[in-house]
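Next comes start-v9.cif, a file with mmCIF, C-alpha atoms and all ligand atoms.
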```cif
data_upload
loop_
_atom_site.label_atom_id
_atom_site.label_comp_id
_atom_site.auth_asym_id
_atom_site.auth_seq_id
_atom_site.Cartn_x
_atom_site.Cartn_y
_atom_site.Cartn_z
CA MET A 8 4.28 128.52 186.19
CA THR A 9 0.87 128.37 187.92
CA PRO A 10 1.38 128.59 191.68
CA LYS A 11 -0.10 125.81 193.80
CA LEU A 12 -1.98 128.40 195.83
CA HIS A 13 -2.73 131.87 194.53
CA ILE A 14 -4.20 134.48 196.86
CA ALA A 15 -4.67 137.99 195.45
CA GLY A 16 -6.37 141.02 197.01
CA LEU A 17 -8.27 138.77 199.40
CA GLY A 18 -10.64 140.42 201.88
CA LYS A 19 -12.92 139.16 204.62
CA THR A 20 -15.34 141.09 206.83
CA PHE A 21 -17.27 139.40 209.64
CA ARG A 22 -20.71 141.02 209.89
CA GLY A 23 -22.25 141.09 213.34
CA ASP A 24 -24.94 142.78 215.43
CA ARG A 25 -22.27 144.74 217.26
CA GLY A 26 -20.66 145.99 214.05
CA ASP A 27 -18.48 144.63 211.32
CA VAL A 28 -14.96 143.28 211.81
CA VAL A 29 -12.68 143.68 208.81
CA ALA A 30 -10.40 140.68 209.44
CA LEU A 31 -8.47 140.63 206.14
CA ASP A 32 -7.93 143.31 203.53
CA GLY A 33 -5.81 142.90 200.42
CA VAL A 34 -4.01 139.65 201.28
CA THR A 35 -1.72 138.62 198.45
CA LEU A 36 0.41 135.49 198.65
CA ASP A 37 1.44 132.72 196.27
CA LEU A 38 2.75 129.31 197.34
CA ALA A 39 4.78 127.28 194.86
CA GLU A 40 4.26 123.53 194.62
CA ASN A 41 5.87 121.73 197.58
CA GLU A 42 6.70 124.94 199.37
CA PHE A 43 6.44 125.22 203.17
CA VAL A 44 5.22 128.68 204.18
CA SER A 45 4.43 129.83 207.73
CA LEU A 46 2.07 132.65 208.61
CA VAL A 47 2.98 134.66 211.71
CA GLY A 48 1.68 137.89 213.19
CA THR A 49 0.19 139.51 216.27
CA SER A 50 -2.82 137.93 217.94
CA GLY A 51 -6.02 138.67 216.03
CA CYS A 52 -4.30 139.72 212.80
CA GLY A 53 -6.28 137.16 210.81
CA LYS A 54 -3.99 134.12 210.48
CA SER A 55 -6.67 131.56 211.36
CA THR A 56 -9.24 133.36 209.24
CA LEU A 57 -6.93 133.18 206.22
CA LEU A 58 -6.22 129.49 206.81
CA SER A 59 -9.95 128.74 207.23
CA ILE A 60 -10.69 130.51 203.94
CA VAL A 61 -8.05 128.44 202.13
CA ALA A 62 -9.52 125.32 203.78
CA GLY A 63 -12.93 126.35 202.39
CA LEU A 64 -14.43 126.56 205.89
CA GLU A 65 -15.01 130.32 205.62
CA GLU A 66 -15.95 132.39 202.58
CA HIS A 67 -14.03 135.45 201.48
CA ASP A 68 -15.79 138.52 200.17
CA GLN A 69 -13.10 140.08 198.01
CA GLY A 70 -10.24 138.97 195.83
CA GLU A 71 -9.06 135.78 194.21
CA LEU A 72 -8.23 132.40 195.71
CA LEU A 73 -7.09 129.59 193.42
CA VAL A 74 -5.63 126.11 193.98
CA ASP A 75 -3.92 124.83 190.83
CA GLY A 76 -5.58 127.68 188.96
CA GLN A 77 -9.09 126.66 190.10
CA PRO A 78 -11.32 128.63 192.49
CA ILE A 79 -11.89 127.05 195.91
CA GLU A 80 -15.50 126.10 196.51
CA GLY A 81 -15.81 124.80 200.04
CA PRO A 82 -13.72 122.18 201.85
CA GLY A 83 -12.16 119.41 199.79
CA ARG A 84 -9.95 116.36 200.19
CA ASP A 85 -7.31 118.12 198.10
CA ARG A 86 -6.57 120.15 201.27
CA GLY A 87 -5.78 118.29 204.49
CA VAL A 88 -6.37 120.31 207.66
CA VAL A 89 -4.80 119.92 211.13
CA PHE A 90 -5.97 122.19 213.96
CA GLN A 91 -4.54 122.85 217.41
CA SER A 92 -7.36 120.95 219.10
CA TYR A 93 -7.26 117.20 218.60
CA THR A 94 -10.16 116.52 216.30
CA LEU A 95 -10.22 112.73 216.72
CA LEU A 96 -13.40 110.72 217.16
CA PRO A 97 -13.15 109.44 220.76
CA TRP A 98 -15.06 106.19 220.11
CA LEU A 99 -12.62 105.04 217.41
CA THR A 100 -9.07 103.76 217.80
CA ALA A 101 -6.10 105.52 216.15
CA GLN A 102 -6.40 103.09 213.22
CA GLY A 103 -10.19 103.55 213.20
CA ASN A 104 -9.88 107.34 213.04
CA VAL A 105 -7.67 107.23 209.95
CA GLU A 106 -9.76 104.46 208.32
CA PHE A 107 -12.96 106.43 208.94
CA ALA A 108 -11.67 109.37 206.89
CA LEU A 109 -10.55 107.07 204.08
CA LYS A 110 -13.85 105.18 203.94
CA ALA A 111 -15.70 108.50 203.90
CA ALA A 112 -13.54 109.33 200.88
CA GLY A 113 -14.83 106.18 199.15
CA ARG A 114 -11.96 103.75 199.74
CA SER A 115 -12.78 100.08 200.27
CA ALA A 116 -12.43 98.65 203.79
CA ALA A 117 -9.33 96.64 202.83
CA GLU A 118 -7.67 99.62 201.17
CA ALA A 119 -8.54 101.92 204.07
CA ARG A 120 -7.00 99.40 206.51
CA ALA A 121 -3.74 99.20 204.56
CA VAL A 122 -3.42 102.94 203.88
CA ALA A 123 -4.23 103.78 207.52
CA ALA A 124 -1.59 101.33 208.77
CA ASP A 125 1.01 102.84 206.39
CA HIS A 126 0.28 106.36 207.59
CA LEU A 127 0.32 105.45 211.27
CA ALA A 128 3.75 103.91 210.57
CA LEU A 129 4.81 107.17 208.89
CA VAL A 130 4.13 109.08 212.12
CA GLY A 131 5.70 106.34 214.29
CA LEU A 132 2.47 105.03 215.82
CA THR A 133 2.33 101.43 214.59
CA GLY A 134 2.34 100.10 218.15
CA PHE A 135 -0.62 102.31 219.08
CA ALA A 136 -2.98 101.52 216.21
CA ASP A 137 -5.51 99.92 218.58
CA ALA A 138 -5.34 102.64 221.24
CA TYR A 139 -8.27 105.02 221.75
CA PRO A 140 -7.65 108.81 221.84
CA SER A 141 -8.14 108.80 225.64
CA GLU A 142 -5.16 106.41 225.88
CA LEU A 143 -2.88 108.64 223.78
CA SER A 144 -0.76 111.64 224.80
CA GLY A 145 -1.36 115.02 223.15
CA GLY A 146 1.58 114.53 220.79
CA MET A 147 0.32 111.08 219.81
CA LYS A 148 -3.18 112.39 219.15
CA GLN A 149 -1.71 115.07 216.93
CA ARG A 150 0.33 112.43 215.10
CA VAL A 151 -2.91 110.55 214.38
CA ALA A 152 -4.45 113.78 213.10
CA ILE A 153 -1.43 114.30 210.80
CA ALA A 154 -1.61 110.66 209.61
CA ARG A 155 -5.30 111.14 208.87
CA ALA A 156 -4.74 114.42 207.00
CA LEU A 157 -1.95 112.89 204.89
CA SER A 158 -3.69 109.55 204.28
CA TYR A 159 -5.87 110.75 201.43
CA ARG A 160 -2.84 112.34 199.75
CA PRO A 161 -3.93 115.98 199.73
CA LYS A 162 -2.25 118.46 197.41
CA MET A 163 -1.86 120.78 200.32
CA LEU A 164 -1.63 120.58 204.09
CA LEU A 165 -3.13 123.44 206.11
CA MET A 166 -2.04 123.54 209.75
CA ASP A 167 -3.33 125.96 212.39
CA GLU A 168 -1.07 125.98 215.47
CA PRO A 169 -0.87 122.17 215.28
CA PHE A 170 1.66 121.93 218.12
CA GLY A 171 0.34 124.87 220.15
CA ALA A 172 -1.17 122.71 222.90
CA LEU A 173 1.92 120.55 223.41
CA ASP A 174 4.70 120.86 225.99
CA ALA A 175 8.04 122.21 224.74
CA LEU A 176 9.78 118.84 224.42
CA THR A 177 6.91 117.14 222.61
CA ARG A 178 6.61 120.20 220.42
CA HIS A 179 10.26 119.84 219.34
CA HIS A 180 9.74 116.15 218.58
CA MET A 181 6.69 116.97 216.49
CA GLN A 182 8.52 119.70 214.58
CA GLU A 183 11.33 117.27 213.76
CA LEU A 184 8.84 114.59 212.75
CA LEU A 185 6.92 116.94 210.46
CA ALA A 186 10.16 118.31 208.96
CA ARG A 187 11.34 114.73 208.21
CA ILE A 188 7.98 113.75 206.68
CA TRP A 189 7.89 116.93 204.60
CA GLU A 190 11.48 116.52 203.42
CA ARG A 191 10.76 112.95 202.30
CA HIS A 192 7.26 113.32 200.85
CA ARG A 193 7.24 116.96 199.69
CA LEU A 194 3.87 118.67 199.83
CA THR A 195 2.64 122.28 199.82
CA VAL A 196 2.12 123.42 203.43
CA LEU A 197 0.56 126.58 204.87
CA PHE A 198 1.35 126.63 208.58
CA VAL A 199 0.01 129.10 211.18
CA THR A 200 2.09 129.55 214.31
CA HIS A 201 2.83 132.01 217.13
CA ASP A 202 6.25 130.48 217.58
CA VAL A 203 8.90 132.28 215.51
CA GLU A 204 11.56 129.62 216.16
CA GLU A 205 9.15 126.97 214.89
CA ALA A 206 8.33 129.07 211.81
CA VAL A 207 12.02 129.55 210.93
CA TYR A 208 12.89 125.91 211.65
CA MET A 209 10.13 124.50 209.46
CA SER A 210 9.71 126.92 206.57
CA ASP A 211 11.01 127.87 203.16
CA ARG A 212 9.49 131.31 203.70
CA VAL A 213 7.88 133.06 206.65
CA ALA A 214 5.04 135.46 205.82
CA VAL A 215 4.54 138.15 208.47
CA MET A 216 1.05 139.63 208.62
CA SER A 217 0.21 143.21 209.58
CA ASN A 218 -2.21 143.98 212.40
CA ARG A 219 -5.89 143.62 211.62
CA PRO A 220 -7.09 144.05 208.96
CA GLY A 221 -4.46 141.50 208.10
CA ARG A 222 -2.43 141.53 204.96
CA ILE A 223 1.00 140.13 204.16
CA LYS A 224 3.44 142.74 205.40
CA THR A 225 6.79 141.07 204.65
CA ILE A 226 8.06 137.72 203.49
CA VAL A 227 11.31 136.45 204.97
CA PRO A 228 12.96 133.71 202.89
CA ILE A 229 14.58 131.04 205.07
CA ASP A 230 17.71 130.04 203.22
CA LEU A 231 18.90 127.46 205.76
CA PRO A 232 19.93 124.13 204.24
CA ARG A 233 17.74 121.01 204.31
CA PRO A 234 17.41 118.71 206.06
CA ARG A 235 16.90 121.04 208.99
CA THR A 236 18.46 119.92 212.26
CA TYR A 237 18.16 121.21 215.79
CA ALA A 238 21.86 122.08 215.75
CA MET A 239 20.91 124.86 213.31
CA VAL A 240 18.80 126.60 215.95
CA ALA A 241 22.01 127.53 217.76
CA THR A 242 23.68 129.09 214.69
CA ALA A 243 24.13 132.81 214.00
CA ALA A 244 22.30 132.43 210.67
CA PHE A 245 19.24 130.99 212.46
CA ALA A 246 19.30 133.72 215.12
CA ASP A 247 19.56 136.38 212.43
CA LEU A 248 16.48 135.05 210.60
CA GLN A 249 14.58 134.72 213.85
CA HIS A 250 15.39 138.35 214.73
CA ARG A 251 14.29 139.58 211.31
CA VAL A 252 10.90 137.93 211.75
CA LEU A 253 10.58 139.05 215.38
CA ASP A 254 11.46 142.66 214.48
CA GLU A 255 8.65 142.71 211.93
CA ILE A 256 6.14 141.34 214.44
CA ARG A 257 7.42 143.65 217.19
CA ALA A 258 6.87 146.69 214.96
CA GLU A 259 3.21 145.62 214.68
CA SER A 260 2.90 145.09 218.46
CA ILE A 261 4.35 148.57 219.06
CA ALA A 262 1.79 149.99 216.64
CA ILE A 263 -1.01 148.32 218.67
CA ALA A 264 0.43 149.69 221.94
CA ALA A 265 0.71 153.21 220.43
CA LEU A 266 -2.91 153.02 219.28
CA GLY A 267 -3.92 151.99 222.82
CA ASP A 268 -2.04 155.01 224.25
CA ALA A 269 -3.61 157.37 221.72
CA LEU A 270 -7.07 156.12 222.69
CA GLY A 271 -6.11 156.82 226.27
N1 LIG A 301 -16.54 134.13 213.36
C1 LIG A 301 -16.11 135.36 213.63
N2 LIG A 301 -16.99 136.36 213.83
C2 LIG A 301 -16.59 137.61 214.07
N3 LIG A 301 -15.29 137.99 214.15
C3 LIG A 301 -14.37 137.03 213.97
C4 LIG A 301 -14.73 135.66 213.71
N4 LIG A 301 -13.58 134.94 213.58
C5 LIG A 301 -12.57 135.81 213.74
N5 LIG A 301 -13.04 137.05 213.99
C6 LIG A 301 -12.24 138.26 214.19
O1 LIG A 301 -11.35 138.38 213.09
C7 LIG A 301 -10.08 138.83 213.53
C8 LIG A 301 -9.01 137.81 213.12
O2 LIG A 301 -9.17 136.61 213.89
P1 LIG A 301 -8.23 135.35 213.70
O3 LIG A 301 -8.70 134.31 214.65
O4 LIG A 301 -8.16 135.01 212.27
O5 LIG A 301 -6.82 135.93 214.16
P2 LIG A 301 -5.46 135.15 214.50
O6 LIG A 301 -4.37 135.97 213.88
O7 LIG A 301 -5.57 133.73 214.09
O8 LIG A 301 -5.44 135.29 216.08
P3 LIG A 301 -4.66 134.44 217.19
O9 LIG A 301 -3.20 134.54 216.85
O10 LIG A 301 -5.00 135.14 218.48
O11 LIG A 301 -5.19 133.03 217.11
C9 LIG A 301 -10.17 139.01 215.05
O12 LIG A 301 -10.45 140.38 215.31
C10 LIG A 301 -11.36 138.15 215.43
O13 LIG A 301 -12.01 138.69 216.55
#
```
Is it possible to give me this structure as structure tokens?
Amino acid sequence: MTPKLHIAGLGKTFRGDRGDVVALDGVTLDLAENEFVSLVGTSGCGKSTLLSIVAGLEEHDQGELLVDGQPIEGPGRDRGVVFQSYTLLPWLTAQGNVEFALKAAGRSAAEARAVAADHLALVGLTGFADAYPSELSGGMKQRVAIARALSYRPKMLLMDEPFGALDALTRHHMQELLARIWERHRLTVLFVTHDVEEAVYMSDRVAVMSNRPGRIKTIVPIDLPRPRTYAMVATAAFADLQHRVLDEIRAESIAIAALGDALG
């Protein structure tokens, strides 16, 4: 079966006046339809670069990148993107932000209004439709960004540290919310995070990247039942998976430290 996302031998070098940075080299990863895969790895290993390439915001210079068997040519509405920073338009309300994206995608005003209202309801923000971003908490702003990304029914959701700027409690609420939405409305998700607990809680598989130049070092399948619940975080099975992922990342951190020592 054709994978939803096919990445094979992907490479990316940033060229600069102060030399070239090989960010990715030989990244190979397939995502099946409706699969939730997290990317984890040491800082600077290329997670965001890989996500940006899949989003079509950066170009790759080697390898193959296909969505539904078709090459990616720039950003597209088939891929919804949510970043860590809240990318809302400050002069529009929550409803206005979601409607804006839909109208830009060619929907009529009436349709945009209805679809935006449905998606704000999906993220539990019906009562805040008329609030401006400055009147919303960080978690609420991120819920609007998720509603907006989902509103034009993308084939894939690409998320780069979407909860990274939130406090621990809000972060847990957002993880539960996203897990519930995903379990109900299945969608292919590629999710970048530094938080191993979050990766294990959310994912079907966790892909651990090597140090830069990044490639996929190991994939840890997360065979915990769905729906995921926070009670699972306290189980031995969860802790075991978390340790397996952490051990892989730790091995990469140790390699960085050893390199630092060798360079004196
Ligand atoms: N626009 C750019 N120009 C030059 N180098 C870049 C650019 N973007 C990223 N890099 C370099 O590519 C490498 C990978 O960066 P990237 O941001 O993808 O890593 P990351 O794994 O997402 O890091 P972090 O976990 O710290 O967010 C880093 O060495 C970074 O300095």
Might you pull out every residue within 12 Å of Gly18 (chain A), with only C-alpha atoms counted and same-chain residues fewer than 2 positions away left off, and present them as a count of residues only? 30
Long-range neighbours of region 175-182 of chain A as a PyMOL selection string, 8 Å cut-off, only C-alpha atoms, 2 positions minimum in chain: chain A and resi 146+150+170-171+173+184-186+205+209
Tell me which protein, DNA and RNA residues are within 10 Å of Ser158 (chain A), counting all atoms listed in the file, leaving out same-chain ones fewer than 6 positions away, and put them as a PyMOL selection string. chain A and resi 87+105-106+108-109+119+122-127+129+152
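With all atoms listed in the file as the atoms that count, the minimum distance from ligand LIG 301 (chain A) to the choices A:Met166, A:Ala262, A:Met216, A:Val89 is reached by A:Met216.
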Point-to-point distance from CA of Ala62 (chain A) to CA of Lys148 (chain A), Å rounded to tenths: 21.1 Å
Selected residue, from A:Val47, A:Ala246, A:Pro232, A:Gln149, that lies nearest to Ala206 (chain A) when counting only C-alpha atoms: A:Val47
Proximity check region 49-80 of chain A to region 254-258 of chain A, 12 Å, nearest pairs one decimal Å, all atoms listed in the file, as a tab-separated table:
```
residue	atom	partner	partner_atom	distance
A:Thr49	CA	A:Ile256	CA	6.5
A:Ser50	CA	A:Ile256	CA	10.2
A:Cys52	CA	A:Ile256	CA	10.7
```
Quick one: distance from CA of Gln249 (chain A) to CA of Glu168 (chain A) in Å, one decimal? 18.0 Å
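Of the listed residues A:Ser260, A:Asn41, A:Thr225, A:Asn218, the one whose atoms come nearest to ligand LIG 301 (chain A) is A:Asn218, with distances taken using only C-alpha atoms and all ligand atoms.
The closest residue to Pro140 (chain A), picked from A:Trp189, A:Tyr93, A:Phe107, A:Tyr237 and counting all atoms listed in the file, is A:Tyr93.
A straight line drawn from CA of Arg212 (chain A) to CA of Ile226 (chain A) is 6.6 Å long.
Of the listed residues A:Thr200, A:Ser144, A:Thr100, A:Ser45, the one whose atoms come nearest to ligand LIG 301 (chain A) is A:Thr200, with distances taken using all atoms listed in the file.
In terms of minimum interatomic distance to Arg193 (chain A), A:Ala39 ranks closest within A:Val227, A:Val61, A:Ala238, A:Ala39, counting only C-alpha atoms.
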Shell around Leu12 (chain A) at 6 Å using only C-alpha atoms, local window under 5 positions removed, as an MDAnalysis selection string: chainID A and resid 37:38 73:74
Residue neighbourhood Arg86 (chain A), 10 Å, only C-alpha atoms, exclusion window fewer than 5 positions, as number ranges by chain: A: 61-63, 74, 156-157, 159-165, 195-196
If we draw a sphere of 7 Å around (5.7, 124.1, 202.7), which residues have at least one atom in it when counting all atoms listed in the file? Please report them as number ranges by chain. A: 41-44, 194-197, 210-211
